[in-house]
Amino acid sequence: MKYISTRGQMAPIGFQDAVMTGLAPDGGLLLPETLPDVSASLTDWAGLSYTDLAFEVISLFATDIPADELKALIDESYSTFEHPEVAPTVRVGNVHVLELFHGPTLAFKDVALQFLGTLFAYILERRGGELNILGATSGDTGSAAIHGVRGKPNINIFIMHPAGRTSPLQEKQMTSVLDDNVYNLAVDGTFDDCQRIMKTTFADVPFKTEHSLGSVNSVNWARVLAQTVYYFYSAFRVMKESGAASVQFSVPTGNFGDILAGYLAQRMGLPISKLILATNENDILSRFFNSGVYGMADVVPTISPSMDIQVASNFERYLYYKVDANAEKLSALMADFNESGALKIALNENGTVDDLFVAGRGDTECTMETIRRYHGNTGYVLDPHTAVGVYVAEQYLSETTPTICLSTAHPAKFTQAIVDAIGEEVHHPTLDALASAETRCDSIANDVDAVKEYVVEHI
Ligand SMILES: *Cc1c(COP(=O)(O)O)cnc(C)c1O
């Protein structure tokens, strides 16, 4: 399987190169040249364990890794998950909740980043060289990246967070990782400062090349690929349990990475009748699917912070398929967007962007109400991100097609919102243990050169 760029200006490359490249040199995102049709395999796959299924799916795309090595790599990636099923689905009221939070940081990003970290180490071991990951986090996503590569040979990770501005729990999830290859930097500034330092450092191409700088951002193809697996896994289980011939998924969405994986699974032949896209107040994507206009707005901070985005980094991949894989058309649309902050797609006859998608938004009040109501009716506690998805899903429930709601974080990660909603705390032993954990973190000036110097000194 070869990979191409959505912008069409790159000669096709193999899977391992695609993983190491991240972003295409022409500014586009990488996609497989073709999507395999797996319809004929679905019956055989339905009973597989999570990791056996992951192997079947991923091996179609990672064709430059020998089968036995790929299998070992997948087994290693998911050995850090505390649930034997990796991603179990549980019945809660009228919906099925797909729990994606059984990894080391209790959030769905672990599913992708545990795999990506293992994959990086595998590729570097064979090709030689090293990778120095530099990232910026406002708190929630940095820890999944750190846990993905902790202790891996030939990899260092430097994660900047704004000093004193991340929640104490989130900070501890990062700084309690004491492996030698992990560097937490508390920057004397804001999250925007951290991002500016990162972008400026990456823009210094000679520096980036000399020090093998890389990132683990959500556009890496391996992350999307790893996420397609749980759509298959949960659909098989819910279809078997209910006798239904198809399912619909509701996905709390920020950067469009998670729901994109569902879209690809559907295109590969998994019977998904609807993808329900749910956003919080930061609703650029739900506005798009309801109007055809993708237009930037200011970011509003919410109680589902991992969905507080302005521009969805994986959206371009969807748009590429939407314009029938026409790289020229796609490039023109992206140019419109970069110039004016908006792009527009023609609606089809029935007034929608895409018959597969419906989209809605759940604001803070709806989120809180949903958490409270599910807790009251079922005893189950939804995290704020998951609750946004459940709230929007409720508007699209079907008599005949079961609804699977992706649960992207454990509620104990967002204690304050949960206490506000249900009046009691939710605990998780992993997080409780952090209270007494030893931590390591270096303070650093709000300055690009200071960060560069630090990186050079420590690699
Ligand atoms: C990242 C994240 C999301 C959003 O996923 P995207 O792939 O960015 O759409 C939702 N919930 C949680 C808890 C997350 O960490």
# chains A, B, ... in the order shown; residues from 1 in each chain; ligands from 1

call {"tool": "residues_near_ligand", "arguments": {"ligand": "ligand 1", "cutoff": "8 Å", "atoms": "only C-alpha atoms and all ligand atoms", "output": "PyMOL selection string"}}
result
chain A and resi 107-109+140-141+218+251-260+304-307+312+314+385-386+407-409

call {"tool": "closest_atom_pairs", "arguments": {"of": "segment 238-356 of chain A", "to": "segment 388-399 of chain A", "cutoff": "12 Å", "atoms": "only C-alpha atoms", "output": "tab-separated table"}}
result
residue	atom	partner	partner_atom	distance
A:Ser242	CA	A:Glu399	CA	11.4
A:Ala244	CA	A:Glu399	CA	10.4
A:Ser246	CA	A:Ser398	CA	11.3
A:Val247	CA	A:Ser398	CA	9.7
A:Gln248	CA	A:Leu397	CA	8.9
A:Phe249	CA	A:Ala393	CA	8.2
A:Ser250	CA	A:Gly389	CA	5.7
A:Val251	CA	A:Gly389	CA	5.5
A:Pro252	CA	A:Gly389	CA	4.7
A:Thr253	CA	A:Gly389	CA	8.1
A:Gly254	CA	A:Val388	CA	11.4
A:Ile259	CA	A:Gly389	CA	11.4
A:Ser273	CA	A:Ser398	CA	10.6
A:Lys274	CA	A:Tyr396	CA	9.2
A:Leu275	CA	A:Ala393	CA	9.6
A:Ile276	CA	A:Ala393	CA	6.5
A:Leu277	CA	A:Gly389	CA	7.5
A:Ala278	CA	A:Gly389	CA	5.2
A:Thr279	CA	A:Val388	CA	6.8
A:Asn280	CA	A:Val388	CA	6.6
A:Glu281	CA	A:Val388	CA	10.1
A:Asn282	CA	A:Val388	CA	11.7
A:Asp283	CA	A:Val388	CA	11.7
A:Ser286	CA	A:Val392	CA	10.6
A:Thr302	CA	A:Val388	CA	11.2
A:Ile303	CA	A:Val388	CA	10.1
A:Ser304	CA	A:Val388	CA	8.2
A:Pro305	CA	A:Val388	CA	11.7
A:Ser306	CA	A:Val388	CA	11.8
A:Met307	CA	A:Val388	CA	9.9

call {"tool": "closest_residue", "arguments": {"among": "A:Asn217, A:Glu349, A:Glu56, A:Val229", "to": "Ser313 of chain A", "atoms": "only C-alpha atoms"}}
result
A:Asn217

call {"tool": "residues_around", "arguments": {"residues": "segment 68-73 of chain A", "least_positions_apart": "4", "cutoff": "12 Å", "atoms": "only C-alpha atoms", "output": "PDB file with C-alpha atoms, in the first residue's frame"}}
result
ATOM      1  CA  GLN A  16       6.799   3.442   7.233  1.00  0.00           C
ATOM      2  CA  TYR A  50      -9.288  -6.632  19.733  1.00  0.00           C
ATOM      3  CA  THR A  51      -5.631  -7.160  18.903  1.00  0.00           C
ATOM      4  CA  ASP A  52      -6.298  -9.907  16.338  1.00  0.00           C
ATOM      5  CA  LEU A  53      -8.797  -7.633  14.628  1.00  0.00           C
ATOM      6  CA  ALA A  54      -6.336  -4.715  14.799  1.00  0.00           C
ATOM      7  CA  PHE A  55      -3.817  -6.928  13.036  1.00  0.00           C
ATOM      8  CA  GLU A  56      -6.260  -7.804  10.234  1.00  0.00           C
ATOM      9  CA  VAL A  57      -7.194  -4.164   9.635  1.00  0.00           C
ATOM     10  CA  ILE A  58      -3.752  -2.614  10.031  1.00  0.00           C
ATOM     11  CA  SER A  59      -1.938  -5.245   7.959  1.00  0.00           C
ATOM     12  CA  LEU A  60      -3.918  -4.098   4.906  1.00  0.00           C
ATOM     13  CA  PHE A  61      -2.248  -0.698   5.248  1.00  0.00           C
ATOM     14  CA  ALA A  62       1.146  -1.476   6.799  1.00  0.00           C
ATOM     15  CA  THR A  63       2.261  -3.693   3.963  1.00  0.00           C
ATOM     16  CA  ASP A  64       5.973  -2.959   4.459  1.00  0.00           C
ATOM     17  CA  SER A  77       0.867  -1.411  21.984  1.00  0.00           C
ATOM     18  CA  TYR A  78      -2.303  -2.618  23.662  1.00  0.00           C
ATOM     19  CA  SER A  79      -0.682  -4.498  26.549  1.00  0.00           C
ATOM     20  CA  GLN A 114       0.322   3.741  22.266  1.00  0.00           C
ATOM     21  CA  PHE A 115       0.465   2.293  18.750  1.00  0.00           C
ATOM     22  CA  LEU A 116       2.311   5.263  17.241  1.00  0.00           C
ATOM     23  CA  GLY A 117       5.000   5.219  19.961  1.00  0.00           C
ATOM     24  CA  THR A 118       5.645   1.511  19.473  1.00  0.00           C
ATOM     25  CA  LEU A 119       5.692   1.990  15.720  1.00  0.00           C
ATOM     26  CA  PHE A 120       8.196   4.861  15.904  1.00  0.00           C
ATOM     27  CA  ALA A 121      10.527   2.750  18.043  1.00  0.00           C
ATOM     28  CA  TYR A 122      10.192  -0.195  15.641  1.00  0.00           C
ATOM     29  CA  ILE A 123      11.000   1.896  12.567  1.00  0.00           C
ATOM     30  CA  ARG A 126      15.542  -0.832  11.822  1.00  0.00           C
TER      31      ARG A 126
END

call {"tool": "atom_distance", "arguments": {"atom1": "atom CA of Gln310 of chain A", "atom2": "atom CA of Leu356 of chain A"}}
result
23.4 Å

call {"tool": "select_by_dssp", "arguments": {"residues": "segment 159-314 of chain A", "states": "strand (DSSP E)", "output": "CSV table (one decimal) with N, CA and C atoms, in the first residue's frame"}}
result
chain,number,residue,atom,x,y,z
A,159,ILE,N,7.8,18.1,26.1
A,159,ILE,CA,6.4,18.6,26.0
A,159,ILE,C,6.3,19.9,26.9
A,160,MET,N,6.0,21.0,26.2
A,160,MET,CA,5.8,22.3,26.9
A,160,MET,C,4.4,22.5,27.3
A,161,HIS,N,4.2,22.9,28.5
A,161,HIS,CA,2.9,23.4,29.0
A,161,HIS,C,3.0,24.7,29.6
A,162,PRO,N,1.9,25.5,29.6
A,162,PRO,CA,2.0,26.8,30.3
A,162,PRO,C,2.1,26.7,31.8
A,182,VAL,N,11.9,11.5,28.9
A,182,VAL,CA,10.7,12.4,28.9
A,182,VAL,C,11.1,13.7,29.6
A,183,TYR,N,10.9,14.8,28.9
A,183,TYR,CA,11.2,16.1,29.5
A,183,TYR,C,9.9,17.0,29.5
A,184,ASN,N,9.5,17.4,30.7
A,184,ASN,CA,8.4,18.3,30.8
A,184,ASN,C,8.9,19.7,31.0
A,185,LEU,N,8.4,20.6,30.2
A,185,LEU,CA,8.9,22.0,30.3
A,185,LEU,C,7.7,22.9,30.7
A,186,ALA,N,7.8,23.6,31.8
A,186,ALA,CA,6.8,24.5,32.3
A,186,ALA,C,7.2,25.9,31.7
A,187,VAL,N,6.6,26.4,30.7
A,187,VAL,CA,6.9,27.6,30.1
A,187,VAL,C,6.3,28.8,30.8
A,213,LEU,N,14.1,16.5,14.7
A,213,LEU,CA,12.9,16.9,15.4
A,213,LEU,C,11.6,16.4,14.8
A,214,GLY,N,10.7,15.9,15.5
A,214,GLY,CA,9.4,15.4,15.0
A,214,GLY,C,8.3,15.7,15.9
A,247,VAL,N,-25.2,-0.2,12.2
A,247,VAL,CA,-25.2,0.6,13.4
A,247,VAL,C,-25.0,2.0,13.1
A,248,GLN,N,-25.2,2.9,14.0
A,248,GLN,CA,-24.8,4.3,13.8
A,248,GLN,C,-23.9,4.7,15.0
A,249,PHE,N,-23.0,5.6,14.7
A,249,PHE,CA,-22.0,6.0,15.7
A,249,PHE,C,-22.2,7.5,16.0
A,250,SER,N,-22.1,7.9,17.3
A,250,SER,CA,-22.0,9.3,17.6
A,250,SER,C,-20.6,9.6,18.2
A,251,VAL,N,-20.0,10.7,17.7
A,251,VAL,CA,-18.6,10.9,18.0
A,251,VAL,C,-18.4,12.4,18.4
A,252,PRO,N,-18.0,12.6,19.7
A,252,PRO,CA,-17.7,13.9,20.2
A,252,PRO,C,-16.4,14.4,19.5
A,272,ILE,N,-22.2,1.1,8.5
A,272,ILE,CA,-22.5,2.2,9.4
A,272,ILE,C,-23.6,3.0,8.6
A,273,SER,N,-24.8,3.2,9.2
A,273,SER,CA,-25.8,3.9,8.5
A,273,SER,C,-25.8,5.4,8.7
A,274,LYS,N,-25.2,5.8,9.9
A,274,LYS,CA,-25.1,7.3,10.1
A,274,LYS,C,-23.9,7.5,11.0
A,275,LEU,N,-23.2,8.6,10.7
A,275,LEU,CA,-22.2,9.1,11.6
A,275,LEU,C,-22.8,10.4,12.2
A,276,ILE,N,-22.9,10.4,13.5
A,276,ILE,CA,-23.5,11.6,14.2
A,276,ILE,C,-22.3,12.4,14.8
A,277,LEU,N,-22.1,13.6,14.2
A,277,LEU,CA,-21.0,14.4,14.6
A,277,LEU,C,-21.5,15.4,15.6
A,278,ALA,N,-20.8,15.4,16.8
A,278,ALA,CA,-21.2,16.2,17.9
A,278,ALA,C,-20.1,17.2,18.3
A,279,THR,N,-20.5,18.5,18.4
A,279,THR,CA,-19.5,19.4,18.9
A,279,THR,C,-20.0,20.2,20.1
A,293,VAL,N,-20.8,25.4,4.7
A,293,VAL,CA,-19.8,26.4,4.9
A,293,VAL,C,-18.9,26.1,6.1
A,294,TYR,N,-17.6,26.1,5.8
A,294,TYR,CA,-16.6,25.8,6.8
A,294,TYR,C,-15.9,27.1,7.1
A,295,GLY,N,-16.3,27.7,8.2
A,295,GLY,CA,-15.8,29.1,8.5
A,295,GLY,C,-15.4,29.2,9.9

call {"tool": "atom_distance", "arguments": {"atom1": "atom CA of Ala18 of chain A", "atom2": "atom CA of Val219 of chain A"}}
result
10.9 Å

call {"tool": "atom_distance", "arguments": {"atom1": "atom CA of Ile13 of chain A", "atom2": "atom CA of Pro25 of chain A"}}
result
11.8 Å

call {"tool": "decode", "arguments": {"residues": "segment 443-456 of chain A", "atoms": "all heavy atoms", "output": "short mmCIF file (atom, residue, chain, number, x, y, z; two decimals), in the first residue's frame"}}
result
data_model
loop_
_atom_site.label_atom_id
_atom_site.label_comp_id
_atom_site.auth_asym_id
_atom_site.auth_seq_id
_atom_site.Cartn_x
_atom_site.Cartn_y
_atom_site.Cartn_z
N SER A 443 11.47 24.34 34.68
CA SER A 443 10.89 25.63 34.30
C SER A 443 11.75 26.24 33.21
O SER A 443 12.97 26.06 33.21
CB SER A 443 10.87 26.59 35.48
OG SER A 443 10.11 26.02 36.51
N ILE A 444 11.12 26.94 32.30
CA ILE A 444 11.89 27.53 31.21
C ILE A 444 11.28 28.87 30.79
O ILE A 444 10.06 29.07 30.93
CB ILE A 444 11.97 26.54 30.01
CG1 ILE A 444 13.08 26.93 29.05
CG2 ILE A 444 10.63 26.40 29.31
CD1 ILE A 444 13.65 25.76 28.28
N ALA A 445 12.15 29.77 30.31
CA ALA A 445 11.67 31.10 29.91
C ALA A 445 10.78 30.99 28.68
O ALA A 445 10.87 30.04 27.90
CB ALA A 445 12.87 32.00 29.60
N ASN A 446 9.93 31.98 28.51
CA ASN A 446 9.04 32.06 27.37
C ASN A 446 9.83 32.58 26.17
O ASN A 446 9.70 33.73 25.77
CB ASN A 446 7.90 33.01 27.76
CG ASN A 446 6.89 33.18 26.64
OD1 ASN A 446 7.03 32.58 25.58
ND2 ASN A 446 5.89 34.01 26.88
N ASP A 447 10.67 31.68 25.62
CA ASP A 447 11.65 32.14 24.66
C ASP A 447 12.09 30.97 23.77
O ASP A 447 12.48 29.92 24.26
CB ASP A 447 12.85 32.71 25.44
CG ASP A 447 13.97 33.14 24.53
OD1 ASP A 447 13.76 34.08 23.74
OD2 ASP A 447 15.05 32.54 24.59
N VAL A 448 12.02 31.19 22.46
CA VAL A 448 12.34 30.12 21.51
C VAL A 448 13.77 29.61 21.71
O VAL A 448 14.01 28.40 21.74
CB VAL A 448 12.18 30.63 20.06
CG1 VAL A 448 12.60 29.56 19.06
CG2 VAL A 448 10.75 31.05 19.80
N ASP A 449 14.73 30.55 21.85
CA ASP A 449 16.12 30.13 21.96
C ASP A 449 16.37 29.32 23.23
O ASP A 449 17.17 28.38 23.23
CB ASP A 449 17.05 31.34 21.90
CG ASP A 449 17.06 31.94 20.49
OD1 ASP A 449 16.90 31.15 19.53
OD2 ASP A 449 17.18 33.17 20.35
N ALA A 450 15.68 29.69 24.30
CA ALA A 450 15.85 28.95 25.55
C ALA A 450 15.40 27.50 25.36
O ALA A 450 16.06 26.55 25.82
CB ALA A 450 15.05 29.61 26.67
N VAL A 451 14.29 27.31 24.65
CA VAL A 451 13.77 25.96 24.43
C VAL A 451 14.70 25.17 23.50
O VAL A 451 15.03 24.01 23.75
CB VAL A 451 12.32 26.00 23.89
CG1 VAL A 451 11.86 24.61 23.44
CG2 VAL A 451 11.37 26.56 24.95
N LYS A 452 15.15 25.83 22.44
CA LYS A 452 16.08 25.16 21.50
C LYS A 452 17.34 24.71 22.24
O LYS A 452 17.82 23.58 22.04
CB LYS A 452 16.46 26.12 20.38
CG LYS A 452 15.44 26.24 19.27
CD LYS A 452 15.97 27.25 18.26
CE LYS A 452 15.27 27.18 16.93
NZ LYS A 452 15.71 28.27 16.05
N GLU A 453 17.87 25.61 23.07
CA GLU A 453 19.08 25.30 23.82
C GLU A 453 18.86 24.09 24.74
O GLU A 453 19.69 23.20 24.82
CB GLU A 453 19.44 26.51 24.68
CG GLU A 453 20.89 26.94 24.62
CD GLU A 453 21.03 28.31 25.29
OE1 GLU A 453 21.09 28.33 26.54
OE2 GLU A 453 21.04 29.33 24.56
N TYR A 454 17.71 24.09 25.39
CA TYR A 454 17.36 23.01 26.30
C TYR A 454 17.32 21.66 25.54
O TYR A 454 17.88 20.67 25.98
CB TYR A 454 16.01 23.28 26.96
CG TYR A 454 15.61 22.24 27.99
CD1 TYR A 454 15.83 22.47 29.34
CD2 TYR A 454 15.03 21.02 27.59
CE1 TYR A 454 15.47 21.50 30.28
CE2 TYR A 454 14.69 20.06 28.53
CZ TYR A 454 14.90 20.30 29.87
OH TYR A 454 14.57 19.35 30.80
N VAL A 455 16.69 21.69 24.39
CA VAL A 455 16.55 20.47 23.59
C VAL A 455 17.95 19.95 23.21
O VAL A 455 18.27 18.77 23.39
CB VAL A 455 15.69 20.71 22.33
CG1 VAL A 455 15.77 19.55 21.36
CG2 VAL A 455 14.23 20.97 22.74
N VAL A 456 18.77 20.85 22.67
CA VAL A 456 20.12 20.45 22.23
C VAL A 456 20.92 19.86 23.40
O VAL A 456 21.62 18.86 23.25
CB VAL A 456 20.86 21.65 21.59
CG1 VAL A 456 22.31 21.29 21.27
CG2 VAL A 456 20.14 22.11 20.34
#
